[in-house]
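Participant: Handing you this structure, nothing more for now.
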Amino acid sequence: MRVSVKESIGITHLLDAQDLAGTDTKTKLLDLKDFSSSAILINFGALTGTGSILAKLQESNTTADVDFTDVNTVDLIGAFVSVTSSTDNISQIVGYKGTKRYIRAVITKDGTVTADLVSCDGIVGEGRREPVTAPAAVSAT
């Protein structure tokens, strides 16, 4: 008998699908309270221009924008890789095993990027109660 993962995870939408037009962007926050596992999934659509875009994860125990710092690589499972016009239309997922309450993705451009379609979801699992209910996305203050 197969068991569905649906009752074991929650998905929180952190960034609506949009053309970032080469603008550096921070997603909403994923609240990890009551969850033991998490990941960030970023969908990269068509990218135009000669530059690239790259995502990274940041963490904090507060929702204050100034308190967020880049996640140390020892607290990541996997890594985001640079996306160019020849490597676009791809999904990338990175797991987080740090101890902070909030995480977010930061998407930055390098070079000339005229269009870059992006969306982002946070995934939580191993909740204190099942079935898991996804937390609401939180805005930084």
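Please note that chains go A, B, ... in the order of the structure tokens, that every chain numbers its residues from 1, and that ligands are numbered from 1 in the order shown.
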Write out as a VMD selection string all residues of range 65-128 of chain A that backbone DSSP assigns to helix (DSSP H, G or I).

Facilitator: chain A and resid 65 to 67 73 to 75

Participant: Okay, now the selection with C-alpha atoms, as a tab-separated table (two decimals), in the first residue's frame?

Facilitator:
chain	number	residue	atom	x	y	z
A	65	ASP	CA	14.33	42.49	7.61
A	66	VAL	CA	17.65	43.70	9.06
A	67	ASP	CA	18.02	40.55	11.21
A	73	THR	CA	26.20	25.94	3.88
A	74	VAL	CA	26.34	23.34	6.69
A	75	ASP	CA	22.65	24.11	7.33

Participant: Counting only C-alpha atoms, which residues of range 119-139 of chain A sit at most 9 Å from some atom of range 36-43 of chain A, and what is each one's closest atom pair with its distance in Å to one decimal, listed by chain and rising residue number, as JSON lines?

Facilitator:
{"residue": "A:Ser119", "atom": "CA", "partner": "A:Asn43", "partner_atom": "CA", "distance": 5.3}
{"residue": "A:Cys120", "atom": "CA", "partner": "A:Ile42", "partner_atom": "CA", "distance": 4.4}
{"residue": "A:Asp121", "atom": "CA", "partner": "A:Leu41", "partner_atom": "CA", "distance": 5.2}
{"residue": "A:Gly122", "atom": "CA", "partner": "A:Ile40", "partner_atom": "CA", "distance": 4.6}
{"residue": "A:Ile123", "atom": "CA", "partner": "A:Ala39", "partner_atom": "CA", "distance": 5.1}
{"residue": "A:Val124", "atom": "CA", "partner": "A:Ser38", "partner_atom": "CA", "distance": 4.3}
{"residue": "A:Gly125", "atom": "CA", "partner": "A:Ser37", "partner_atom": "CA", "distance": 5.0}
{"residue": "A:Glu126", "atom": "CA", "partner": "A:Ser36", "partner_atom": "CA", "distance": 5.2}
{"residue": "A:Gly127", "atom": "CA", "partner": "A:Ser36", "partner_atom": "CA", "distance": 6.4}
{"residue": "A:Arg128", "atom": "CA", "partner": "A:Ser36", "partner_atom": "CA", "distance": 8.2}

Participant: How would you write, as a PyMOL selection string, the set of residues in chain A that DSSP gives as strand (DSSP E)?

Facilitator: chain A and resi 9-19+25-26+30-31+35-49+52-60+69-70+76-77+90-96+102-110+113-127

Participant: Closest to Tyr102 in chain A among A:Leu32, A:Phe44, A:Gly49, A:Ile77, using only C-alpha atoms?

Facilitator: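 That would be A:Leu32, the residue with the smallest distance to Tyr102 in chain A.
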
Participant: For CA of Thr84 in chain A and CA of Leu29 in chain A, quote the distance in Å rounded to one decimal.

Facilitator: 25.7 Å

Participant: Taking only C-alpha atoms into account, which of A:Glu7, A:Asp19, A:Asp88, A:Asp24 comes nearest Thr108 in chain A?

Facilitator: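 Ranking A:Glu7, A:Asp19, A:Asp88, A:Asp24 by distance to Thr108 in chain A, first place goes to A:Asp24.
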
Participant: Within 9 Å of Leu47 in chain A, counting only C-alpha atoms, which residues show up once you throw out same-chain ones fewer than 2 positions away? Write them as a list in words, please.

Facilitator: Phe44, Gly45, Gly49, Gly51, Ser52, Ile53, Val83, Thr84, Ser85, Ser86, Thr87, Asp88, Asn89, Val113, Thr114, Ala115, Asp116 and Leu117 of chain A

Participant: Rounded to one decimal in Å, what is the spacing between CA of Glu59 in chain A and CA of Asp110 in chain A?

Facilitator: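 Computed distance, CA of Glu59 in chain A to CA of Asp110 in chain A, equals 22.4 Å.
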
Participant: Please identify all polymer residues within 8 Å of Leu57 in chain A, counting only C-alpha atoms, omitting same-chain residues fewer than 3 positions from it, and present them as a PDB file with C-alpha atoms, in the first residue's frame.

Facilitator:
ATOM      1  CA  ASP A  70      22.710  34.155   4.768  1.00  0.00           C
ATOM      2  CA  VAL A  71      22.312  30.522   5.813  1.00  0.00           C
ATOM      3  CA  ILE A 103      13.648  31.494   6.345  1.00  0.00           C
ATOM      4  CA  ARG A 104      13.276  33.214   2.989  1.00  0.00           C
ATOM      5  CA  ALA A 105      14.812  33.169  -0.456  1.00  0.00           C
ATOM      6  CA  VAL A 106      16.672  36.106  -1.938  1.00  0.00           C
TER       7      VAL A 106
END
